[in-house]
Structures are given as C-alpha cells and as structure tokens.
Amino acid sequence: MIQWRRGVVDEVRSSWAGAVEYAVRLPSGDRVRALGYVDAVGTLAPGTAVLLNTTALERGLGTGGLALVVAAPDALPQPVPDVAAVPGHLVKARYTPSQMMVLGVDEQDSEHHGVLADADDLGGLPVVVADLHSALPAIVAGVREVDPGLRVAYVMTDGGALPIDFSRTVAGLRDADWLAASVTVGQAYGGDLEAVNVHTGLLAARHVVGADLVVVSQGPGNLGTGTRWGFSGTSAGEAVNAAATLRGRPVCSLRVSGADPRERHRGVSHHSLTAYGRVALVRADVPVPLLDGDLAGLGADVLAQATELCAASDGRLTLREVGCEGLDAALRATPVPLRTMGRGYDDDRAGFLGAAVAGRFAARMLGAGG
C-alpha cells in the first residue's frame, strides 16, 4: 500500500549534497516536511505542484518517516538526450518506479574495471563494521583521535535508506574531509562510487580510493521488529564475513546503550550479539569500551556481555579492551551532530564511546598514533 498526496511547495527549508527538504502545503491546509532528491526531481521552487508519498509519515514511522517527493508533474527535469550513450548499466532500486541506472566502479564501462577485474585481496585492510548508521561519525572520530591523516572510506549497505543523499552525516563528513570517499553497494546508490555488492565495494575502497581503513554500515533507517532475527542489522555479520574472505581485518563495533528504554538494547544490543555471534562466521576483533566514572556500572555489564559473546564463539571473536581517555573531546569535536535513535551525545554517551573505541582500535592496528 502506498499513500499518495498532492501538494504545493511552500518553501525550501534546507539542502545538503543531493537532497532538498521542502515545506509542502496539502489541500487540507496542513504543511508537511518533504524530501526531494535532486537527481530524481530536480530543484523545485515555491509554488511548484508535487506528488508525495506520505505512507511512512502518516504511520509515524522512524524508518522512511518523511513525505517524499515522487514527481513535480509540471516541472519535470530535462530528459537525457541519448540515454543509450550514458555510461554504466547497473540498475539500482531495481523494478521499482524509481529505479535508476548508474556507472558501477566494477563494471566494464568503468575506468577502474581493469583494476578490479581480478582484485581479490584487501591486504590486511582494517574494516570496522557497525549496525547503525549513527555510529559512523563516532567511529571516524576514534580513528582521527589516533591519526587524523588516515584515509577513511565509507561503504554503505542497503539495509536502511537506499539513497546516500538522505544522510546529512555523510554530507557533513565529506565536506569536513573526514571521509575520503563513500561507496554505495547493493541497492543503495548515490555514493562517490557505486558497486554491485559489499565485496566489490570493499575492494574499490582499497584499490581505487586507496583507503587506509574502511567503515561499513547500513544507511539511515535501521529496521527492527522486536524479534531475534527480524532486523536489518544482520547485514553487519555478513559484512564481517566479506571482509575476512577478502583478507581484510574485520573489527566489530558493538552497539551499546545506557539509555535505550528497550531492555534488549541495554548494555550490548541483541543486534550486535546476533550479528557477530551468529551471522559472522570468521575471526574478528571486538573492541569493548572501558567505561568508568558515572558509566562504570554500565561498563561492567557491557564487558560481561562482550566476554560472554567472545567466549561462545569457539575462538572466532577476540575481545579487545580499549580505554576511553581522550575520546570525549574527540567526539564533541565532530563536524556533524551525534544522534542515535533520537538521543544526542549527552543523552547516551556510552553508545558513541562504544563506536569510537572501534575506530581507535582499528587505527592502532595500522601502527598509527605511536
């Protein structure tokens, strides 16, 4: 079921990368926030009539919970003169009305095809894998606290938002030169590079971007159902497997919280326990934050849960205790706001520290920072 609404653009509220947020007035007189992707609908002026998809907005959902501009029927972007001449044949968002064709870094028309045709080895590249997109800036902050000169690439999987332009976080990190490049894989699209899957996305990060370190996570909009297996973050375990298969060094960033109202996400989230304990089948490191001060009690619980996770892995997972000294300042200096599940840094410091220690550990694997 799709809920369609017609409306008229009232004002442009904000814009970043390839996305624009509008205030759109409905025939009822109500105004809604609506997101339009420039590549799909162009840039719209006030007064433009638009067709909206309001399904998730009207259900009050976090995942996809905005009105989305489907089209401006009277202000369509100029058609491509000769679509057959456009390089690339990777179709993403396949078989939906919004499917688009992009140039894959790994396909025959790409200038990088020769580099990737037989590429099969990450050469020990550290790959930090996270469940939530909100972990990305905290992980990079941890990396940069060790060595701000490291070249970090981001590989975005398709478990959450498909268009990377939805992410203000990625746009802000790119603007601040905290990310060397982004790679969108699977059905996700809009990165600096496009790839068919996580494997070629990682190889592109290594051999095309020249990354020293990679972060992998789904885009914004984690989906969960309150069941053991029904959540989009299982892809984190699959990314760990991909990194190890290609002879990278996978690092499991734990999803930690001291403020989530849901018991299954307190301490170490059951998403991390399932993805790394059950889905991942290879050797990987598990950095654990040594929380102290007002977080000492939570820190003891997190350490106990992580210890149990690694002990039950038949030697696959290696627990790595990592101190948090200096990370508070590093996290407060991020060029983008830190928010996870609606909570800011001061609301749930443990969550961001848990991600930052994964970045710190991965940077130290390279011998950086001493």
# chains A, B, ... in the order shown; residues from 1 in each chain; ligands from 1

$ closest_atom_pairs --of "range 260-338 of chain A" --to "range 344-347 of chain A" --cutoff "10 Å" --atoms "only C-alpha atoms" --output "CSV"
residue,atom,partner,partner_atom,distance
A:Asp260,CA,A:Asp347,CA,9.7
A:Asp328,CA,A:Tyr345,CA,9.6
A:Leu331,CA,A:Tyr345,CA,8.3
A:Arg332,CA,A:Tyr345,CA,8.1
A:Pro337,CA,A:Gly344,CA,7.8
A:Leu338,CA,A:Gly344,CA,5.7

$ residues_around --residues "range 117-121 of chain A" --least-positions-apart "4" --cutoff "7 Å" --atoms "only C-alpha atoms" --output "PyMOL selection string"
chain A and resi 113+203+246-247

$ closest_residue --among "A:Val282, A:Val256, A:Ala358, A:Ala195" --to "Val302 in chain A" --atoms "only C-alpha atoms"
A:Val256

$ residues_around --residues "Leu52 in chain A" --least-positions-apart "6" --cutoff "8 Å" --atoms "only C-alpha atoms" --output "PyMOL selection string"
chain A and resi 4-7+34+67-71

$ write_last_selection --atoms "N, CA, C and O atoms" --output "PDB file, in the first residue's frame"
ATOM      1  N   TRP A   4      -0.631   8.221  -1.465  1.00  0.00           N
ATOM      2  CA  TRP A   4      -0.245   9.349  -2.306  1.00  0.00           C
ATOM      3  C   TRP A   4      -0.955  10.611  -1.842  1.00  0.00           C
ATOM      4  O   TRP A   4      -2.118  10.568  -1.453  1.00  0.00           O
ATOM      5  N   ARG A   5      -0.267  11.741  -1.909  1.00  0.00           N
ATOM      6  CA  ARG A   5      -0.885  13.045  -1.633  1.00  0.00           C
ATOM      7  C   ARG A   5      -0.368  14.054  -2.646  1.00  0.00           C
ATOM      8  O   ARG A   5       0.792  13.999  -3.065  1.00  0.00           O
ATOM      9  N   ARG A   6      -1.230  14.985  -3.008  1.00  0.00           N
ATOM     10  CA  ARG A   6      -0.796  16.109  -3.829  1.00  0.00           C
ATOM     11  C   ARG A   6      -0.544  17.304  -2.923  1.00  0.00           C
ATOM     12  O   ARG A   6      -1.160  17.426  -1.853  1.00  0.00           O
ATOM     13  N   GLY A   7       0.334  18.184  -3.343  1.00  0.00           N
ATOM     14  CA  GLY A   7       0.608  19.370  -2.553  1.00  0.00           C
ATOM     15  C   GLY A   7       1.327  20.411  -3.386  1.00  0.00           C
ATOM     16  O   GLY A   7       1.578  20.220  -4.578  1.00  0.00           O
ATOM     17  N   ALA A  34       8.901  17.485   3.447  1.00  0.00           N
ATOM     18  CA  ALA A  34       9.022  16.574   2.314  1.00  0.00           C
ATOM     19  C   ALA A  34      10.436  16.647   1.761  1.00  0.00           C
ATOM     20  O   ALA A  34      11.011  17.729   1.630  1.00  0.00           O
ATOM     21  N   ALA A  67       7.613  12.705   4.275  1.00  0.00           N
ATOM     22  CA  ALA A  67       6.998  12.723   2.954  1.00  0.00           C
ATOM     23  C   ALA A  67       8.123  12.771   1.931  1.00  0.00           C
ATOM     24  O   ALA A  67       9.141  13.434   2.137  1.00  0.00           O
ATOM     25  N   LEU A  68       7.963  12.052   0.845  1.00  0.00           N
ATOM     26  CA  LEU A  68       8.977  12.007  -0.206  1.00  0.00           C
ATOM     27  C   LEU A  68       8.372  12.525  -1.505  1.00  0.00           C
ATOM     28  O   LEU A  68       7.265  12.112  -1.894  1.00  0.00           O
ATOM     29  N   VAL A  69       9.093  13.423  -2.147  1.00  0.00           N
ATOM     30  CA  VAL A  69       8.627  13.969  -3.414  1.00  0.00           C
ATOM     31  C   VAL A  69       8.849  12.923  -4.501  1.00  0.00           C
ATOM     32  O   VAL A  69       9.983  12.553  -4.799  1.00  0.00           O
ATOM     33  N   VAL A  70       7.762  12.451  -5.079  1.00  0.00           N
ATOM     34  CA  VAL A  70       7.836  11.455  -6.142  1.00  0.00           C
ATOM     35  C   VAL A  70       8.075  12.135  -7.487  1.00  0.00           C
ATOM     36  O   VAL A  70       8.894  11.688  -8.294  1.00  0.00           O
ATOM     37  N   ALA A  71       7.376  13.229  -7.727  1.00  0.00           N
ATOM     38  CA  ALA A  71       7.500  13.939  -9.001  1.00  0.00           C
ATOM     39  C   ALA A  71       6.876  15.318  -8.874  1.00  0.00           C
ATOM     40  O   ALA A  71       6.029  15.566  -8.007  1.00  0.00           O
TER      41      ALA A  71
END

$ residues_around --residues "Gly36 in chain A" --least-positions-apart "2" --cutoff "12 Å" --atoms "only C-alpha atoms" --output "MDAnalysis selection string"
chainID A and resid 9 12:24 33:34 38:45 50:53 66:72 163 165:166

$ atom_distance --atom1 "CA of Val214 in chain A" --atom2 "CA of Gln99 in chain A"
27.6 Å

$ atom_distance --atom1 "CA of Val357 in chain A" --atom2 "CA of Val322 in chain A"
6.1 Å

$ select_by_dssp --residues "range 285-369 of chain A" --states "strand (DSSP E or B)" --output "mmCIF file with N, CA and C atoms, in the first residue's frame"
data_model
loop_
_atom_site.group_PDB
_atom_site.id
_atom_site.type_symbol
_atom_site.label_atom_id
_atom_site.label_comp_id
_atom_site.auth_asym_id
_atom_site.auth_seq_id
_atom_site.Cartn_x
_atom_site.Cartn_y
_atom_site.Cartn_z
ATOM 1 N N ASP A 285 37.967 -9.025 15.566
ATOM 2 C CA ASP A 285 38.231 -8.386 16.848
ATOM 3 C C ASP A 285 36.994 -7.642 17.329
ATOM 4 N N VAL A 286 36.785 -7.647 18.644
ATOM 5 C CA VAL A 286 35.631 -6.990 19.251
ATOM 6 C C VAL A 286 36.125 -5.984 20.296
ATOM 7 N N PRO A 287 36.314 -4.714 19.916
ATOM 8 C CA PRO A 287 36.738 -3.706 20.896
ATOM 9 C C PRO A 287 35.610 -3.392 21.876
ATOM 10 N N VAL A 288 35.964 -3.338 23.157
ATOM 11 C CA VAL A 288 34.997 -3.072 24.219
ATOM 12 C C VAL A 288 35.430 -1.818 24.968
ATOM 13 N N PRO A 289 34.553 -0.840 25.111
ATOM 14 C CA PRO A 289 34.939 0.389 25.817
ATOM 15 C C PRO A 289 35.074 0.154 27.316
ATOM 16 N N LEU A 290 36.164 0.625 27.894
ATOM 17 C CA LEU A 290 36.335 0.560 29.346
ATOM 18 C C LEU A 290 35.704 1.811 29.944
ATOM 19 N N LEU A 317 35.956 -14.847 17.828
ATOM 20 C CA LEU A 317 35.938 -13.444 18.238
ATOM 21 C C LEU A 317 36.934 -13.213 19.366
ATOM 22 N N THR A 318 37.736 -12.166 19.197
ATOM 23 C CA THR A 318 38.734 -11.830 20.206
ATOM 24 C C THR A 318 38.359 -10.526 20.879
ATOM 25 N N LEU A 319 38.159 -10.573 22.178
ATOM 26 C CA LEU A 319 37.793 -9.374 22.935
ATOM 27 C C LEU A 319 39.012 -8.473 23.102
ATOM 28 N N ARG A 320 38.829 -7.178 22.845
ATOM 29 C CA ARG A 320 39.899 -6.190 22.981
ATOM 30 C C ARG A 320 39.399 -5.051 23.863
ATOM 31 N N GLU A 321 39.942 -4.949 25.066
ATOM 32 C CA GLU A 321 39.544 -3.868 25.960
ATOM 33 C C GLU A 321 40.261 -2.588 25.536
ATOM 34 N N VAL A 322 39.490 -1.515 25.358
ATOM 35 C CA VAL A 322 40.043 -0.255 24.860
ATOM 36 C C VAL A 322 39.612 0.883 25.788
ATOM 37 N N GLY A 323 40.583 1.636 26.254
ATOM 38 C CA GLY A 323 40.290 2.770 27.123
ATOM 39 C C GLY A 323 39.608 3.903 26.377
ATOM 40 N N ARG A 339 23.806 11.756 16.942
ATOM 41 C CA ARG A 339 22.473 11.358 17.382
ATOM 42 C C ARG A 339 22.260 9.893 17.029
ATOM 43 N N THR A 340 21.663 9.169 17.967
ATOM 44 C CA THR A 340 21.324 7.775 17.712
ATOM 45 C C THR A 340 19.972 7.466 18.317
ATOM 46 N N ARG A 343 18.570 10.169 20.361
ATOM 47 C CA ARG A 343 19.309 10.633 21.534
ATOM 48 C C ARG A 343 20.629 11.274 21.104
ATOM 49 N N GLY A 344 20.972 12.386 21.751
ATOM 50 C CA GLY A 344 22.226 13.054 21.476
ATOM 51 C C GLY A 344 23.361 12.503 22.321
#

$ residues_around --residues "range 82-87 of chain A" --least-positions-apart "3" --cutoff "9 Å" --atoms "only C-alpha atoms" --output "list in words"
Pro79, Val102, Leu103, Asp109 and Ser110 of chain A

$ closest_residue --among "A:Gly160, A:Pro137, A:Gly88, A:Gly104" --to "Ser235 in chain A" --atoms "only C-alpha atoms"
A:Gly160

$ residues_around --residues "Val129 in chain A" --least-positions-apart "2" --cutoff "9 Å" --atoms "only C-alpha atoms" --output "PyMOL selection string"
chain A and resi 127+131+214-217+236-237+239-240+250-254+358

$ write_last_selection --atoms "N, CA and C atoms" --output "PDB file, in the first residue's frame"
ATOM      1  N   VAL A 127      38.653  -3.167   8.594  1.00  0.00           N
ATOM      2  CA  VAL A 127      37.275  -2.898   8.196  1.00  0.00           C
ATOM      3  C   VAL A 127      36.420  -2.876   9.460  1.00  0.00           C
ATOM      4  N   ASP A 131      26.370  -1.688  13.179  1.00  0.00           N
ATOM      5  CA  ASP A 131      24.955  -1.944  12.931  1.00  0.00           C
ATOM      6  C   ASP A 131      24.276  -0.656  12.463  1.00  0.00           C
ATOM      7  N   VAL A 214      38.390   1.254   6.448  1.00  0.00           N
ATOM      8  CA  VAL A 214      37.024   1.344   5.924  1.00  0.00           C
ATOM      9  C   VAL A 214      36.025   1.163   7.052  1.00  0.00           C
ATOM     10  N   VAL A 215      34.932   1.916   6.977  1.00  0.00           N
ATOM     11  CA  VAL A 215      33.789   1.723   7.869  1.00  0.00           C
ATOM     12  C   VAL A 215      32.620   1.227   7.028  1.00  0.00           C
ATOM     13  N   VAL A 216      31.947   0.178   7.500  1.00  0.00           N
ATOM     14  CA  VAL A 216      30.787  -0.381   6.801  1.00  0.00           C
ATOM     15  C   VAL A 216      29.576  -0.311   7.729  1.00  0.00           C
ATOM     16  N   SER A 217      28.487   0.219   7.218  1.00  0.00           N
ATOM     17  CA  SER A 217      27.212   0.152   7.952  1.00  0.00           C
ATOM     18  C   SER A 217      26.080   0.334   6.962  1.00  0.00           C
ATOM     19  N   ALA A 236      25.432  -6.606   9.254  1.00  0.00           N
ATOM     20  CA  ALA A 236      26.733  -6.350   9.869  1.00  0.00           C
ATOM     21  C   ALA A 236      27.548  -7.637   9.941  1.00  0.00           C
ATOM     22  N   GLY A 237      26.904  -8.737  10.295  1.00  0.00           N
ATOM     23  CA  GLY A 237      27.605 -10.016  10.348  1.00  0.00           C
ATOM     24  C   GLY A 237      28.067 -10.458   8.972  1.00  0.00           C
ATOM     25  N   ALA A 239      28.853  -8.467   6.528  1.00  0.00           N
ATOM     26  CA  ALA A 239      29.982  -7.615   6.146  1.00  0.00           C
ATOM     27  C   ALA A 239      31.277  -8.087   6.802  1.00  0.00           C
ATOM     28  N   VAL A 240      31.188  -8.579   8.033  1.00  0.00           N
ATOM     29  CA  VAL A 240      32.357  -9.152   8.702  1.00  0.00           C
ATOM     30  C   VAL A 240      32.881 -10.338   7.896  1.00  0.00           C
ATOM     31  N   PRO A 250      38.553  -7.655   9.971  1.00  0.00           N
ATOM     32  CA  PRO A 250      37.272  -7.136  10.456  1.00  0.00           C
ATOM     33  C   PRO A 250      37.304  -6.757  11.931  1.00  0.00           C
ATOM     34  N   VAL A 251      36.698  -5.623  12.231  1.00  0.00           N
ATOM     35  CA  VAL A 251      36.573  -5.109  13.594  1.00  0.00           C
ATOM     36  C   VAL A 251      35.086  -4.899  13.864  1.00  0.00           C
ATOM     37  N   CYS A 252      34.562  -5.536  14.898  1.00  0.00           N
ATOM     38  CA  CYS A 252      33.135  -5.487  15.211  1.00  0.00           C
ATOM     39  C   CYS A 252      32.840  -4.349  16.180  1.00  0.00           C
ATOM     40  N   SER A 253      32.181  -3.303  15.688  1.00  0.00           N
ATOM     41  CA  SER A 253      31.775  -2.199  16.545  1.00  0.00           C
ATOM     42  C   SER A 253      30.488  -2.577  17.269  1.00  0.00           C
ATOM     43  N   LEU A 254      30.547  -2.607  18.585  1.00  0.00           N
ATOM     44  CA  LEU A 254      29.393  -3.005  19.376  1.00  0.00           C
ATOM     45  C   LEU A 254      28.369  -1.871  19.472  1.00  0.00           C
ATOM     46  N   ALA A 358      36.035   1.401  18.633  1.00  0.00           N
ATOM     47  CA  ALA A 358      36.272   0.536  17.478  1.00  0.00           C
ATOM     48  C   ALA A 358      37.157   1.258  16.462  1.00  0.00           C
TER      49      ALA A 358
END

$ closest_residue --among "A:Gly201, A:Gly65, A:Gly351, A:Gly210" --to "Leu179 in chain A" --atoms "only C-alpha atoms"
A:Gly210

$ closest_residue --among "A:Val155, A:Leu281, A:Met365, A:Ala275" --to "Ala204 in chain A" --atoms "only C-alpha atoms"
A:Val155

$ atom_distance --atom1 "CA of Ala330 in chain A" --atom2 "CA of Leu150 in chain A"
15.3 Å

$ residues_around --residues "His133 in chain A" --least-positions-apart "5" --cutoff "6 Å" --atoms "only C-alpha atoms" --output "VMD selection string"
chain A and resid 217 to 220
